Amino acid sequence: MSTYSLVDPQLKPLLESYPELKLEHHTLQEVRDRRQNAALQNAAVDDGLAVTVREQIITPKEGATPVRVLIVSAKNADPACMGILHLHGGGYIFGSPEQSLSLTRATAARQNCVIVSVDYRLAPESPYPAALDDSFAALVWMTNNAEKLDINPQSIGVMGDSAGAGLAAALALYTRDHNGPKLAFQNLMFPMLDDRTVVESHPNPVTGEFVWTRQCNAFGWEAYLSGRSSETQRQPLETLAKALAAGTDCQQRPGDEKVSCYAAAARAEDLQGLPPVWIGVGSIDLFLDEDMDYAKRLIRAGVEVELNVYPGAFHGFNGSSDAEIANRARESRQRSLGRFKPN
């Protein structure tokens, strides 16, 4: 059954502009390069925003993998302003801080804040917990250097889209459980939270047809959890060695019982003590059910939650520049962020 009739009419031009994303192991690097090249071309266009962007290489500790970040700052940011750790989307298999500059630049300007956008390692070359380790290292560095960055350390939160939002949710759990920096908020756009969506026996018939499909989701989770793509059972020896060195069970698959909540946040049994959460998701997005379930469980755990379900919206719908529903989602997201500015 096609769900095209359910798509918001104003979003159809965006949907029709998206090329089909058919993920295969041998074409993954091509997808990465194409997206990065497009982002770099767009970054050269002057959008008139009063922000600065600079690159920083973080070395967490001796022997640890360096982490590259982009620091996006409002030019007129007040001292001790809000800080946002941003984690890009891309199914854990592609994406970069440059590919999210339209979001991070606009947010830094709107919120008069500083954003640290993390270039975390990608799967399948670097499976879980590489992305989490890089994100936690960036959060610790950001907190420890808050004064140099003109950030109020009490007003640091996490923001992400899709896999980046799922990673942000997992990071919130990890930093809570390991005495890490205390987060002020989570801002999650259609978060990728649950590997079990890949293997569910009765999938929602109206979700997942467009953009990030069930095939894409299986590929992404397989790569992230096992260090391999779903198209091949072969795992390069160097990838296997890296995963073993990181303490990862390289044989984990989507749906396995022992998948950690720090890989898939929906696996967490205890959600108490987490920072306030804003969640936005479309009604025909593949992640609708897992996002709604997570929001419900957060509420029952006493966590402050704002859940927004956008009718007729597919994964990535907020990329529309003129659809009313996309504008509404962006505005809701920004209003939520504004609540956490220091007084």
# chains A, B, ... in the order shown; residues from 1 in each chain; ligands from 1

call {"tool": "residues_around", "arguments": {"residues": "segment 269-283 of chain A", "least_positions_apart": "6", "cutoff": "6 Å", "atoms": "only C-alpha atoms", "output": "list in words"}}
result
Ala184, Phe185, Gln186, Asn187, Leu188, Met189, Phe190, Leu298, Ala301, Glu304, Val305, Glu306, Leu307, Asn308, Val309, Tyr310, Pro311, Gly312, Ala313 and Phe314 of chain A

call {"tool": "residues_around", "arguments": {"residues": "segment 55-69 of chain A", "least_positions_apart": "5", "cutoff": "9 Å", "atoms": "only C-alpha atoms", "output": "mmCIF file with C-alpha atoms, in the first residue's frame"}}
result
data_model
loop_
_atom_site.group_PDB
_atom_site.id
_atom_site.type_symbol
_atom_site.label_atom_id
_atom_site.label_comp_id
_atom_site.auth_asym_id
_atom_site.auth_seq_id
_atom_site.Cartn_x
_atom_site.Cartn_y
_atom_site.Cartn_z
ATOM 1 C CA PRO A 97 29.097 18.663 10.854
ATOM 2 C CA VAL A 116 29.932 22.252 19.174
ATOM 3 C CA SER A 117 29.125 19.894 16.275
ATOM 4 C CA VAL A 118 30.870 16.522 16.479
ATOM 5 C CA ASP A 119 32.430 14.664 13.553
ATOM 6 C CA TYR A 120 32.030 11.282 15.247
ATOM 7 C CA ARG A 121 33.371 8.100 13.655
ATOM 8 C CA ASP A 134 33.581 10.503 20.458
ATOM 9 C CA SER A 135 30.413 12.297 21.530
ATOM 10 C CA ALA A 137 34.702 13.050 24.761
ATOM 11 C CA ALA A 138 33.401 16.167 23.000
ATOM 12 C CA VAL A 140 33.533 16.504 28.477
ATOM 13 C CA TRP A 141 35.859 18.797 26.526
#

call {"tool": "select_by_dssp", "arguments": {"residues": "segment 21-249 of chain A", "states": "helix (DSSP H, G or I)", "output": "PyMOL selection string"}}
result
chain A and resi 25-43+98-111+130-144+163-177+195-199+214-226+237-245

call {"tool": "atom_distance", "arguments": {"atom1": "atom CA of Leu85 of chain A", "atom2": "atom CA of Ala168 of chain A"}}
result
8.6 Å

call {"tool": "closest_residue", "arguments": {"among": "A:His88, A:Arg228, A:Arg267, A:Arg35", "to": "Leu167 of chain A", "atoms": "only C-alpha atoms"}}
result
A:His88

call {"tool": "closest_residue", "arguments": {"among": "A:Leu193, A:Ala264, A:Ala218, A:Leu122", "to": "Ala295 of chain A", "atoms": "only C-alpha atoms"}}
result
A:Leu193

call {"tool": "closest_residue", "arguments": {"among": "A:His315, A:His178, A:Arg339, A:Arg253", "to": "Gly90 of chain A", "atoms": "only C-alpha atoms"}}
result
A:His315

call {"tool": "closest_residue", "arguments": {"among": "A:Ile84, A:Ser126, A:Leu28, A:Gly91", "to": "Thr104 of chain A", "atoms": "only C-alpha atoms"}}
result
A:Ile84

call {"tool": "atom_distance", "arguments": {"atom1": "atom CA of Phe210 of chain A", "atom2": "atom CA of Asp285 of chain A"}}
result
7.7 Å

call {"tool": "atom_distance", "arguments": {"atom1": "atom CA of Gly83 of chain A", "atom2": "atom CA of Arg333 of chain A"}}
result
15.5 Å

call {"tool": "residues_around", "arguments": {"residues": "Gln99 of chain A", "least_positions_apart": "6", "cutoff": "12 Å", "atoms": "only C-alpha atoms", "output": "PyMOL selection string"}}
result
chain A and resi 32-43+70+86-90+105+117-119+161

call {"tool": "residues_around", "arguments": {"residues": "Arg110 of chain A", "least_positions_apart": "6", "cutoff": "10 Å", "atoms": "only C-alpha atoms", "output": "VMD selection string"}}
result
chain A and resid 49 to 50 74 104 334 to 335 337 to 338

call {"tool": "decode", "arguments": {"residues": "segment 11-63 of chain A", "atoms": "C-alpha atoms", "output": "short mmCIF file (atom, residue, chain, number, x, y, z; two decimals), in the first residue's frame"}}
result
data_model
loop_
_atom_site.label_atom_id
_atom_site.label_comp_id
_atom_site.auth_asym_id
_atom_site.auth_seq_id
_atom_site.Cartn_x
_atom_site.Cartn_y
_atom_site.Cartn_z
CA LEU A 11 5.85 18.61 1.29
CA LYS A 12 5.43 16.72 -1.99
CA PRO A 13 7.89 18.92 -3.96
CA LEU A 14 10.59 18.16 -1.40
CA LEU A 15 9.79 14.45 -1.42
CA GLU A 16 9.94 14.31 -5.19
CA SER A 17 13.32 16.07 -5.18
CA TYR A 18 14.93 13.40 -3.00
CA PRO A 19 16.89 10.78 -4.97
CA GLU A 20 16.15 7.19 -4.01
CA LEU A 21 18.50 6.10 -1.22
CA LYS A 22 19.34 2.47 -1.83
CA LEU A 23 22.19 1.62 0.49
CA GLU A 24 24.76 -0.96 -0.53
CA HIS A 25 28.16 -1.67 0.92
CA HIS A 26 30.06 -0.92 -2.29
CA THR A 27 28.32 2.42 -2.89
CA LEU A 28 28.42 3.80 0.66
CA GLN A 29 31.56 5.89 0.15
CA GLU A 30 30.04 7.40 -2.98
CA VAL A 31 26.96 8.44 -0.99
CA ARG A 32 29.19 9.99 1.66
CA ASP A 33 31.29 11.91 -0.85
CA ARG A 34 28.28 13.20 -2.78
CA ARG A 35 26.61 14.51 0.36
CA GLN A 36 29.79 16.09 1.69
CA ASN A 37 30.62 17.80 -1.61
CA ALA A 38 27.12 19.26 -1.78
CA ALA A 39 27.43 20.51 1.80
CA LEU A 40 30.77 22.18 1.12
CA GLN A 41 29.34 23.95 -1.92
CA ASN A 42 26.38 25.20 0.10
CA ALA A 43 28.68 26.35 2.91
CA ALA A 44 30.35 28.74 0.49
CA VAL A 45 27.08 30.62 0.01
CA ASP A 46 26.75 33.72 2.19
CA ASP A 47 23.50 33.42 4.15
CA GLY A 48 24.00 36.69 5.99
CA LEU A 49 23.95 35.13 9.47
CA ALA A 50 26.18 36.72 12.09
CA VAL A 51 28.02 33.56 13.07
CA THR A 52 31.54 32.20 12.95
CA VAL A 53 32.59 28.62 12.21
CA ARG A 54 35.95 27.16 13.17
CA GLU A 55 37.42 23.69 13.36
CA GLN A 56 38.94 22.17 16.49
CA ILE A 57 40.67 18.82 17.03
CA ILE A 58 40.07 17.35 20.48
CA THR A 59 42.46 14.82 21.96
CA PRO A 60 40.46 13.27 24.83
CA LYS A 61 43.33 11.43 26.55
CA GLU A 62 46.60 9.75 25.72
CA GLY A 63 46.04 6.96 23.24
#
